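Structure file protein_11.cif (mmCIF, C-alpha atoms (C1' of nucleotides)) follows.
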data_data
loop_
_atom_site.group_PDB
_atom_site.id
_atom_site.type_symbol
_atom_site.label_atom_id
_atom_site.label_comp_id
_atom_site.auth_asym_id
_atom_site.auth_seq_id
_atom_site.Cartn_x
_atom_site.Cartn_y
_atom_site.Cartn_z
ATOM 1 C CA MET H 1 -22.432 85.656 15.982
ATOM 2 C CA GLN H 2 -18.826 85.011 15.577
ATOM 3 C CA TRP H 3 -17.927 87.297 12.740
ATOM 4 C CA THR H 4 -14.751 89.278 13.073
ATOM 5 C CA VAL H 5 -14.516 92.908 12.052
ATOM 6 C CA ASP H 6 -13.200 91.737 8.699
ATOM 7 C CA ASP H 7 -16.032 89.261 8.289
ATOM 8 C CA VAL H 8 -18.489 92.072 8.887
ATOM 9 C CA LYS H 9 -16.786 94.231 6.315
ATOM 10 C CA ALA H 10 -16.818 91.404 3.801
ATOM 11 C CA TRP H 11 -20.489 90.767 4.421
ATOM 12 C CA LEU H 12 -21.310 94.445 3.945
ATOM 13 C CA LEU H 13 -19.417 94.675 0.675
ATOM 14 C CA TRP H 14 -20.965 91.476 -0.559
ATOM 15 C CA THR H 15 -24.467 92.582 0.336
ATOM 16 C CA LEU H 16 -23.983 96.000 -1.207
ATOM 17 C CA ARG H 17 -22.923 94.387 -4.444
ATOM 18 C CA GLN H 18 -25.694 91.807 -4.412
ATOM 19 C CA TYR H 19 -28.360 94.479 -4.261
ATOM 20 C CA ASN H 20 -26.633 97.200 -6.190
ATOM 21 C CA LEU H 21 -26.617 99.476 -3.226
ATOM 22 C CA PRO H 22 -24.566 102.646 -3.008
ATOM 23 C CA MET H 23 -21.213 102.404 -1.288
ATOM 24 C CA ILE H 24 -21.084 103.271 2.356
ATOM 25 C CA SER H 25 -18.415 104.410 4.771
ATOM 26 C CA MET H 26 -16.965 101.320 6.330
ATOM 27 C CA GLU H 27 -15.555 103.292 9.204
ATOM 28 C CA TYR H 28 -18.928 103.319 10.900
ATOM 29 C CA PHE H 29 -19.091 99.572 10.659
ATOM 30 C CA ALA H 30 -15.847 98.640 12.305
ATOM 31 C CA LEU H 31 -17.721 96.175 14.444
ATOM 32 C CA ASP H 32 -17.592 92.484 15.042
ATOM 33 C CA GLY H 33 -20.556 90.215 14.558
ATOM 34 C CA VAL H 34 -21.902 90.566 18.055
ATOM 35 C CA ALA H 35 -21.839 94.325 17.892
ATOM 36 C CA LEU H 36 -23.354 94.377 14.415
ATOM 37 C CA SER H 37 -26.243 92.149 15.366
ATOM 38 C CA SER H 38 -27.066 94.310 18.336
ATOM 39 C CA LEU H 39 -27.606 97.407 16.231
ATOM 40 C CA CYS H 40 -31.196 98.443 15.805
ATOM 41 C CA GLU H 41 -32.610 99.576 12.501
ATOM 42 C CA GLU H 42 -32.242 103.236 13.383
ATOM 43 C CA GLU H 43 -28.572 102.720 14.064
ATOM 44 C CA PHE H 44 -28.158 101.163 10.646
ATOM 45 C CA GLN H 45 -29.931 104.108 9.111
ATOM 46 C CA ARG H 46 -27.663 106.529 10.887
ATOM 47 C CA ARG H 47 -24.542 104.749 9.671
ATOM 48 C CA ALA H 48 -25.815 104.230 6.153
ATOM 49 C CA PRO H 49 -28.566 106.692 5.304
ATOM 50 C CA GLN H 50 -28.995 105.342 1.785
ATOM 51 C CA CYS H 51 -29.345 101.691 2.484
ATOM 52 C CA GLY H 52 -29.363 101.157 6.203
ATOM 53 C CA CYS H 53 -32.789 99.602 6.275
ATOM 54 C CA THR H 54 -31.916 97.199 3.496
ATOM 55 C CA LEU H 55 -28.743 96.131 5.255
ATOM 56 C CA PHE H 56 -30.666 95.704 8.459
ATOM 57 C CA ALA H 57 -33.268 93.558 6.762
ATOM 58 C CA GLN H 58 -30.603 91.490 5.059
ATOM 59 C CA LEU H 59 -28.835 90.892 8.322
ATOM 60 C CA GLU H 60 -32.096 89.668 9.798
ATOM 61 C CA ILE H 61 -32.304 87.171 6.981
ATOM 62 C CA TRP H 62 -28.773 86.021 7.652
ATOM 63 C CA LYS H 63 -29.530 85.559 11.282
ATOM 64 C CA ALA H 64 -32.587 83.504 10.490
ATOM 65 C CA ALA H 65 -30.657 81.469 7.956
ATOM 66 C CA CYS H 66 -27.871 80.748 10.390
ATOM 67 C CA GLN H 67 -30.320 79.757 13.055
ATOM 68 C CA GLU H 68 -31.946 77.351 10.709
ATOM 69 C CA LEU H 69 -28.610 75.860 9.757
ATOM 70 C CA GLU H 70 -27.583 75.617 13.348
ATOM 71 C CA SER H 71 -30.705 73.911 14.435
ATOM 72 C CA ARG H 72 -30.229 71.482 11.619
ATOM 73 C CA LEU H 73 -26.751 70.376 12.282
ATOM 74 C CA ASP H 74 -27.083 71.305 15.805
ATOM 75 C CA MET H 75 -26.126 69.174 18.650
ATOM 76 C CA THR H 76 -22.943 68.183 17.084
ATOM 77 C CA GLU H 77 -20.338 70.792 17.160
ATOM 78 C CA ALA H 78 -20.528 74.428 17.681
ATOM 79 C CA SER H 79 -21.493 76.075 14.520
ATOM 80 C CA ARG H 80 -19.887 79.211 13.414
ATOM 81 C CA TRP H 81 -21.462 81.701 11.135
ATOM 82 C CA SER H 82 -20.082 81.145 7.767
ATOM 83 C CA SER H 83 -19.096 84.328 6.116
ATOM 84 C CA PRO H 84 -19.686 85.255 2.538
ATOM 85 C CA GLY H 85 -16.739 86.956 1.027
ATOM 86 C CA THR H 86 -13.855 86.027 3.156
ATOM 87 C CA SER H 87 -12.233 82.818 3.852
ATOM 88 C CA ALA H 88 -13.550 81.153 0.904
ATOM 89 C CA SER H 89 -15.887 78.587 2.093
ATOM 90 C CA ASN H 90 -19.130 79.707 0.765
ATOM 91 C CA ASP H 91 -20.938 76.736 1.689
ATOM 92 C CA ALA H 92 -23.029 75.487 -0.977
ATOM 93 C CA SER H 93 -25.925 76.179 0.836
ATOM 94 C CA THR H 94 -28.977 74.817 1.863
ATOM 95 C CA SER H 95 -31.140 74.852 -1.039
ATOM 96 C CA ASN H 96 -33.061 71.858 -0.344
ATOM 97 C CA ASN H 97 -34.335 70.601 -3.467
ATOM 98 C CA CYS H 98 -35.347 67.660 -1.721
ATOM 99 C CA ALA H 99 -35.754 65.972 -4.907
ATOM 100 C CA SER H 100 -38.995 64.436 -4.559
ATOM 101 C CA SER H 101 -38.058 61.241 -3.257
ATOM 102 C CA SER H 102 -41.181 59.949 -4.206
ATOM 103 C CA GLY H 103 -42.468 58.612 -1.476
ATOM 104 C CA ASP H 104 -42.987 60.636 0.916
ATOM 105 C CA ALA H 105 -44.436 60.753 3.474
ATOM 106 C CA SER H 106 -43.434 62.004 6.503
ATOM 107 C CA ASP H 107 -43.474 65.613 6.596
ATOM 108 C CA ASP H 108 -40.319 67.430 6.806
ATOM 109 C CA GLU H 109 -38.461 67.669 9.910
ATOM 110 C CA GLU H 110 -40.376 69.907 12.121
ATOM 111 C CA GLU H 111 -37.857 72.587 12.245
ATOM 112 C CA GLU H 112 -36.339 74.190 15.157
ATOM 113 C CA GLY H 113 -37.775 73.811 18.442
ATOM 114 C CA ASP H 114 -34.940 75.939 19.320
ATOM 115 C CA PRO H 115 -35.184 79.586 18.736
ATOM 116 C CA THR H 116 -31.818 80.358 20.117
ATOM 117 C CA PRO H 117 -31.136 83.873 19.081
ATOM 118 C CA PRO H 118 -27.674 84.558 17.866
ATOM 119 C CA PRO H 119 -25.335 84.797 20.765
ATOM 120 C CA THR H 120 -25.406 88.393 21.604
ATOM 121 C CA ALA H 121 -22.857 88.823 24.217
ATOM 122 C CA GLY H 122 -23.111 91.620 26.580
ATOM 123 C CA GLY H 123 -26.422 90.567 27.815
ATOM 124 C CA LYS H 124 -29.604 92.266 26.868
ATOM 125 C CA VAL H 125 -29.799 93.168 23.251
ATOM 126 C CA ALA H 126 -32.956 93.927 21.557
ATOM 127 C CA THR H 127 -33.562 90.561 20.043
ATOM 128 C CA ARG H 128 -36.652 91.223 18.085
ATOM 129 C CA GLY H 129 -38.492 93.335 20.436
ATOM 130 C CA GLY H 130 -40.593 95.492 18.263
ATOM 131 C CA SER H 131 -40.727 93.861 14.948
ATOM 132 C CA HIS H 132 -43.541 95.779 13.367
ATOM 133 C CA ILE H 133 -42.841 93.988 10.202
ATOM 134 C CA HIS H 134 -45.625 93.941 7.667
ATOM 135 C CA LEU H 135 -46.570 90.871 5.728
ATOM 136 C CA TRP H 136 -45.507 92.359 2.409
ATOM 137 C CA GLN H 137 -42.103 93.200 3.855
ATOM 138 C CA PHE H 138 -41.739 89.724 5.209
ATOM 139 C CA LEU H 139 -42.579 88.189 1.858
ATOM 140 C CA LYS H 140 -40.001 90.392 0.208
ATOM 141 C CA GLU H 141 -37.455 89.257 2.718
ATOM 142 C CA LEU H 142 -38.076 85.651 1.836
ATOM 143 C CA LEU H 143 -37.984 86.469 -1.855
ATOM 144 C CA ALA H 144 -34.673 88.228 -1.383
ATOM 145 C CA SER H 145 -32.885 85.060 -0.403
ATOM 146 C CA PRO H 146 -33.820 82.437 -2.956
ATOM 147 C CA GLN H 147 -30.858 80.313 -1.997
ATOM 148 C CA LEU H 148 -32.535 79.800 1.308
ATOM 149 C CA HIS H 149 -36.251 80.096 0.653
ATOM 150 C CA GLY H 150 -36.481 79.542 -3.058
ATOM 151 C CA SER H 151 -38.129 76.229 -2.499
ATOM 152 C CA CYS H 152 -41.111 77.801 -0.766
ATOM 153 C CA ILE H 153 -41.464 81.168 -2.473
ATOM 154 C CA ARG H 154 -39.833 82.711 -5.543
ATOM 155 C CA TRP H 155 -40.122 85.445 -8.114
ATOM 156 C CA LEU H 156 -41.731 84.543 -11.401
ATOM 157 C CA GLU H 157 -41.218 87.978 -12.902
ATOM 158 C CA ARG H 158 -39.081 90.051 -10.664
ATOM 159 C CA THR H 159 -39.555 93.276 -12.607
ATOM 160 C CA LYS H 160 -43.308 93.028 -12.496
ATOM 161 C CA GLY H 161 -43.375 92.006 -8.892
ATOM 162 C CA VAL H 162 -44.961 88.666 -9.687
ATOM 163 C CA PHE H 163 -44.096 85.840 -7.360
ATOM 164 C CA LYS H 164 -45.303 82.385 -6.536
ATOM 165 C CA ILE H 165 -45.700 80.638 -3.246
ATOM 166 C CA GLU H 166 -44.472 77.116 -3.835
ATOM 167 C CA ASP H 167 -45.062 75.795 -0.377
ATOM 168 C CA SER H 168 -47.988 77.508 1.278
ATOM 169 C CA VAL H 169 -47.701 75.556 4.474
ATOM 170 C CA ARG H 170 -44.085 76.460 4.972
ATOM 171 C CA VAL H 171 -44.483 80.129 4.159
ATOM 172 C CA ALA H 172 -47.376 80.376 6.583
ATOM 173 C CA ARG H 173 -45.360 78.640 9.243
ATOM 174 C CA LEU H 174 -42.471 81.053 8.804
ATOM 175 C CA TRP H 175 -44.833 84.002 8.987
ATOM 176 C CA GLY H 176 -46.483 82.653 12.096
ATOM 177 C CA LYS H 177 -43.135 82.185 13.683
ATOM 178 C CA ARG H 178 -42.026 85.693 12.865
ATOM 179 C CA LYS H 179 -45.190 87.170 14.288
ATOM 180 C CA ASN H 180 -45.355 84.717 17.107
ATOM 181 C CA ARG H 181 -48.696 83.355 15.925
ATOM 182 C CA PRO H 182 -48.534 79.592 16.291
ATOM 183 C CA ALA H 183 -51.974 79.192 14.769
ATOM 184 C CA MET H 184 -51.086 80.949 11.553
ATOM 185 C CA ASN H 185 -51.864 79.020 8.388
ATOM 186 C CA TYR H 186 -52.145 79.736 4.701
ATOM 187 C CA ASP H 187 -55.866 80.394 4.869
ATOM 188 C CA LYS H 188 -55.262 83.299 7.213
ATOM 189 C CA LEU H 189 -52.093 84.498 5.542
ATOM 190 C CA SER H 190 -53.849 84.616 2.196
ATOM 191 C CA ARG H 191 -56.689 86.583 3.745
ATOM 192 C CA SER H 192 -54.151 89.202 4.748
ATOM 193 C CA ILE H 193 -52.770 89.270 1.234
ATOM 194 C CA ARG H 194 -56.276 89.810 -0.106
ATOM 195 C CA GLN H 195 -56.621 92.829 2.149
ATOM 196 C CA TYR H 196 -53.690 94.231 0.186
ATOM 197 C CA TYR H 197 -55.752 94.342 -2.990
ATOM 198 C CA LYS H 198 -57.842 97.233 -1.807
ATOM 199 C CA LYS H 199 -54.883 98.913 -0.179
ATOM 200 C CA GLY H 200 -52.934 98.994 -3.407
ATOM 201 C CA ILE H 201 -50.029 96.996 -2.078
ATOM 202 C CA MET H 202 -50.759 93.989 -4.236
ATOM 203 C CA LYS H 203 -53.003 93.298 -7.177
ATOM 204 C CA LYS H 204 -54.346 90.317 -8.981
ATOM 205 C CA THR H 205 -52.297 89.027 -11.854
ATOM 206 C CA GLU H 206 -53.683 89.303 -15.348
ATOM 207 C CA ARG H 207 -54.345 85.660 -15.665
ATOM 208 C CA SER H 208 -54.941 84.271 -12.241
ATOM 209 C CA GLN H 209 -52.894 81.270 -11.303
ATOM 210 C CA ARG H 210 -52.908 79.385 -8.096
ATOM 211 C CA LEU H 211 -50.539 80.710 -5.465
ATOM 212 C CA VAL H 212 -49.305 83.486 -7.729
ATOM 213 C CA TYR H 213 -49.469 87.064 -6.505
ATOM 214 C CA GLN H 214 -48.222 90.424 -7.657
ATOM 215 C CA PHE H 215 -46.928 93.471 -5.838
ATOM 216 C CA CYS H 216 -47.981 96.896 -7.047
ATOM 217 C CA HIS H 217 -45.112 98.994 -8.443
ATOM 218 C CA PRO H 218 -43.656 100.727 -5.488
ATOM 219 C CA TYR H 219 -43.800 97.754 -3.215
ATOM 220 C CA CYS H 220 -41.822 95.366 -5.343
ATOM 221 C CA MET H 221 -38.792 97.626 -5.575
ATOM 222 C "C1'" DG O 1 -56.710 72.750 -1.392
ATOM 223 C "C1'" DA O 2 -57.041 77.500 -3.270
ATOM 224 C "C1'" DC O 3 -59.675 81.764 -3.773
ATOM 225 C "C1'" DC O 4 -63.000 85.152 -2.187
ATOM 226 C "C1'" DG O 5 -64.588 88.887 0.754
ATOM 227 C "C1'" DG O 6 -67.753 90.059 5.023
ATOM 228 C "C1'" DA O 7 -67.580 90.660 9.815
ATOM 229 C "C1'" DA O 8 -65.695 90.732 14.278
ATOM 230 C "C1'" DG O 9 -61.592 90.445 17.407
ATOM 231 C "C1'" DT O 10 -56.754 92.022 18.850
ATOM 232 C "C1'" DA M 1 -53.950 100.409 11.124
ATOM 233 C "C1'" DA M 2 -52.715 96.002 10.120
ATOM 234 C "C1'" DC M 3 -53.539 92.157 10.640
ATOM 235 C "C1'" DT M 4 -55.868 87.604 12.813
ATOM 236 C "C1'" DT M 5 -59.615 84.559 13.248
ATOM 237 C "C1'" DC M 6 -63.710 82.502 11.513
ATOM 238 C "C1'" DC M 7 -66.663 81.420 7.902
ATOM 239 C "C1'" DG M 8 -70.014 80.306 4.110
ATOM 240 C "C1'" DG M 9 -69.827 80.122 -0.698
ATOM 241 C "C1'" DT M 10 -67.238 79.331 -5.495
#
Output the file's structure as structure tokens, nothing else.
Amino acid sequence: MQWTVDDVKAWLLWTLRQYNLPMISMEYFALDGVALSSLCEEEFQRRAPQCGCTLFAQLEIWKAACQELESRLDMTEASRWSSPGTSASNDASTSNNCASSSGDASDDEEEEGDPTPPPTAGGKVATRGGSHIHLWQFLKELLASPQLHGSCIRWLERTKGVFKIEDSVRVARLWGKRKNRPAMNYDKLSRSIRQYYKKGIMKKTERSQRLVYQFCHPYCM
DNA sequence: GACCGGAAGT
DNA sequence: AACTTCCGGT
């Protein structure tokens, strides 16, 4: 990642504001992009006890988003992480409302066959070694960045934790990729969601609608 | 195709 | 424990 120390600071401030998180001491984050992306979750927690895990999760989303962008306009020129606050250019994103061009057909570009992790200089780096991520956390991650994933999953009633999966195939594919389960599909993903009913992580909505689910109180916060 | 849970596997 | 895989039935 090619963020400078200032880019990192801008991203932190922007993210804090986006999610109404408490202010943190920037001095512990005087890092450039490479250094920031090599921090593990515990290191985020140490630097920002109040919101370290949220920042960590958000950074993961940014990484994924940038990878997707890169793989899309790939091959041409080197792509540089665009930064949020600074230097203006907030690219107008990627919301692909691929307006139904009626016709159809061919499925979307089979995304990335190129999981190039962000350039983490210095060698090693814990890529995504022990992502113990749970499905409900993953879904919340997707829901947290509507500009990127709003076309496949979005909140219907944020405060109640009600959301809708707009593109079951895509969401399942993203989940399978995250868990390294190439055979993942919506049938299996939805089975996992159903397990959440008895665990109290999700519940059925009052009036059941296709592809609409609801988190139980604590989990949608 | 989505939804539903039992049952077995990892 | 938290899924993943498979499945017969709605």
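Residues of chain H lying within 12 Å of chain O, counting all atoms listed in the file, are Ile165, Ser168, Val169, Tyr186, Asp187, Lys188, Ser190, Arg191, Ser192, Ile193, Arg194, Gln195, Tyr197, Lys198, Lys204, Ser208, Gln209, Arg210, Leu211, Val212 and Tyr213 of chain H.
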Closest pair table for chain M residues within 8 Å of chain H, only C-alpha atoms (C1' of nucleotides), as CSV:
residue,atom,partner,partner_atom,distance
M:DA2,C1',H:His134,CA,7.8
M:DC3,C1',H:Ser192,CA,6.6
M:DT4,C1',H:Lys188,CA,7.1
M:DT5,C1',H:Lys188,CA,7.5
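Rounded to one decimal, atom CA of H:Ala48 and atom CA of H:Tyr219 lie 21.3 Å from each other.
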Might you spell out which residues the PyMOL selection byres ((chain H and resi 14-29) around 9) would select in the displayed file, as a PyMOL selection string? chain H and resi 5+8-13+30-32+36+47-51+54-55+58+84-85
What does the structure give for the distance between atom CA of H:Glu166 and atom CA of H:Arg207, in Å to one decimal?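 Distance between the two atoms: 17.6 Å.
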Reconstructed all heavy atoms for stretch 161-172 of chain H, given as a JSON list (two decimals), in the frame of the given file:
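The result, written out as part-v3.json:
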[["chain", "number", "residue", "atom", "x", "y", "z"],
["H", 161, "GLY", "N", -42.96, 92.25, -10.28],
["H", 161, "GLY", "CA", -43.38, 92.01, -8.89],
["H", 161, "GLY", "C", -44.23, 90.76, -8.75],
["H", 161, "GLY", "O", -44.94, 90.60, -7.77],
["H", 162, "VAL", "N", -44.16, 89.89, -9.73],
["H", 162, "VAL", "CA", -44.96, 88.67, -9.69],
["H", 162, "VAL", "C", -44.18, 87.54, -9.02],
["H", 162, "VAL", "O", -43.04, 87.26, -9.38],
["H", 162, "VAL", "CB", -45.35, 88.20, -11.11],
["H", 162, "VAL", "CG1", -46.14, 86.90, -11.04],
["H", 162, "VAL", "CG2", -46.16, 89.28, -11.80],
["H", 163, "PHE", "N", -44.78, 86.93, -8.04],
["H", 163, "PHE", "CA", -44.10, 85.84, -7.36],
["H", 163, "PHE", "C", -45.06, 84.70, -7.10],
["H", 163, "PHE", "O", -46.27, 84.84, -7.19],
["H", 163, "PHE", "CB", -43.50, 86.33, -6.03],
["H", 163, "PHE", "CG", -44.52, 86.77, -5.03],
["H", 163, "PHE", "CD1", -44.98, 85.90, -4.04],
["H", 163, "PHE", "CD2", -45.03, 88.06, -5.05],
["H", 163, "PHE", "CE1", -45.93, 86.30, -3.10],
["H", 163, "PHE", "CE2", -45.98, 88.48, -4.11],
["H", 163, "PHE", "CZ", -46.43, 87.60, -3.13],
["H", 164, "LYS", "N", -44.48, 83.55, -6.80],
["H", 164, "LYS", "CA", -45.30, 82.38, -6.54],
["H", 164, "LYS", "C", -44.93, 81.72, -5.22],
["H", 164, "LYS", "O", -43.75, 81.57, -4.91],
["H", 164, "LYS", "CB", -45.13, 81.36, -7.67],
["H", 164, "LYS", "CG", -45.90, 80.08, -7.42],
["H", 164, "LYS", "CD", -45.92, 79.18, -8.63],
["H", 164, "LYS", "CE", -46.82, 77.97, -8.35],
["H", 164, "LYS", "NZ", -46.98, 77.10, -9.53],
["H", 165, "ILE", "N", -45.91, 81.35, -4.49],
["H", 165, "ILE", "CA", -45.70, 80.64, -3.25],
["H", 165, "ILE", "C", -45.71, 79.16, -3.62],
["H", 165, "ILE", "O", -46.71, 78.65, -4.10],
["H", 165, "ILE", "CB", -46.82, 80.95, -2.23],
["H", 165, "ILE", "CG1", -46.71, 82.40, -1.79],
["H", 165, "ILE", "CG2", -46.73, 80.01, -1.04],
["H", 165, "ILE", "CD1", -47.83, 82.87, -0.88],
["H", 166, "GLU", "N", -44.59, 78.52, -3.45],
["H", 166, "GLU", "CA", -44.47, 77.12, -3.84],
["H", 166, "GLU", "C", -44.88, 76.18, -2.72],
["H", 166, "GLU", "O", -45.29, 75.05, -2.96],
["H", 166, "GLU", "CB", -43.03, 76.80, -4.24],
["H", 166, "GLU", "CG", -42.48, 77.66, -5.36],
["H", 166, "GLU", "CD", -42.96, 77.19, -6.72],
["H", 166, "GLU", "OE1", -43.81, 76.28, -6.79],
["H", 166, "GLU", "OE2", -42.50, 77.75, -7.74],
["H", 167, "ASP", "N", -44.72, 76.64, -1.53],
["H", 167, "ASP", "CA", -45.06, 75.80, -0.38],
["H", 167, "ASP", "C", -45.84, 76.64, 0.62],
["H", 167, "ASP", "O", -45.26, 77.28, 1.50],
["H", 167, "ASP", "CB", -43.77, 75.26, 0.25],
["H", 167, "ASP", "CG", -44.05, 74.27, 1.38],
["H", 167, "ASP", "OD1", -45.16, 74.31, 1.96],
["H", 167, "ASP", "OD2", -43.16, 73.46, 1.69],
["H", 168, "SER", "N", -47.14, 76.65, 0.44],
["H", 168, "SER", "CA", -47.99, 77.51, 1.28],
["H", 168, "SER", "C", -47.90, 77.19, 2.76],
["H", 168, "SER", "O", -47.93, 78.09, 3.60],
["H", 168, "SER", "CB", -49.44, 77.40, 0.82],
["H", 168, "SER", "OG", -49.90, 76.06, 0.95],
["H", 169, "VAL", "N", -47.77, 75.94, 3.07],
["H", 169, "VAL", "CA", -47.70, 75.56, 4.47],
["H", 169, "VAL", "C", -46.44, 76.12, 5.14],
["H", 169, "VAL", "O", -46.49, 76.69, 6.22],
["H", 169, "VAL", "CB", -47.68, 74.02, 4.63],
["H", 169, "VAL", "CG1", -47.45, 73.61, 6.08],
["H", 169, "VAL", "CG2", -49.00, 73.45, 4.12],
["H", 170, "ARG", "N", -45.36, 76.00, 4.43],
["H", 170, "ARG", "CA", -44.08, 76.46, 4.97],
["H", 170, "ARG", "C", -44.03, 77.98, 5.12],
["H", 170, "ARG", "O", -43.57, 78.50, 6.12],
["H", 170, "ARG", "CB", -42.96, 75.98, 4.06],
["H", 170, "ARG", "CG", -41.60, 76.02, 4.67],
["H", 170, "ARG", "CD", -40.66, 75.21, 3.79],
["H", 170, "ARG", "NE", -39.29, 75.35, 4.21],
["H", 170, "ARG", "CZ", -38.76, 74.68, 5.22],
["H", 170, "ARG", "NH1", -39.51, 73.85, 5.92],
["H", 170, "ARG", "NH2", -37.51, 74.84, 5.54],
["H", 171, "VAL", "N", -44.50, 78.67, 4.09],
["H", 171, "VAL", "CA", -44.48, 80.13, 4.16],
["H", 171, "VAL", "C", -45.35, 80.61, 5.33],
["H", 171, "VAL", "O", -44.96, 81.49, 6.08],
["H", 171, "VAL", "CB", -44.99, 80.75, 2.84],
["H", 171, "VAL", "CG1", -45.18, 82.26, 3.00],
["H", 171, "VAL", "CG2", -44.00, 80.47, 1.72],
["H", 172, "ALA", "N", -46.49, 79.98, 5.49],
["H", 172, "ALA", "CA", -47.38, 80.38, 6.58],
["H", 172, "ALA", "C", -46.72, 80.09, 7.93],
["H", 172, "ALA", "O", -46.85, 80.87, 8.87],
["H", 172, "ALA", "CB", -48.70, 79.63, 6.48]]
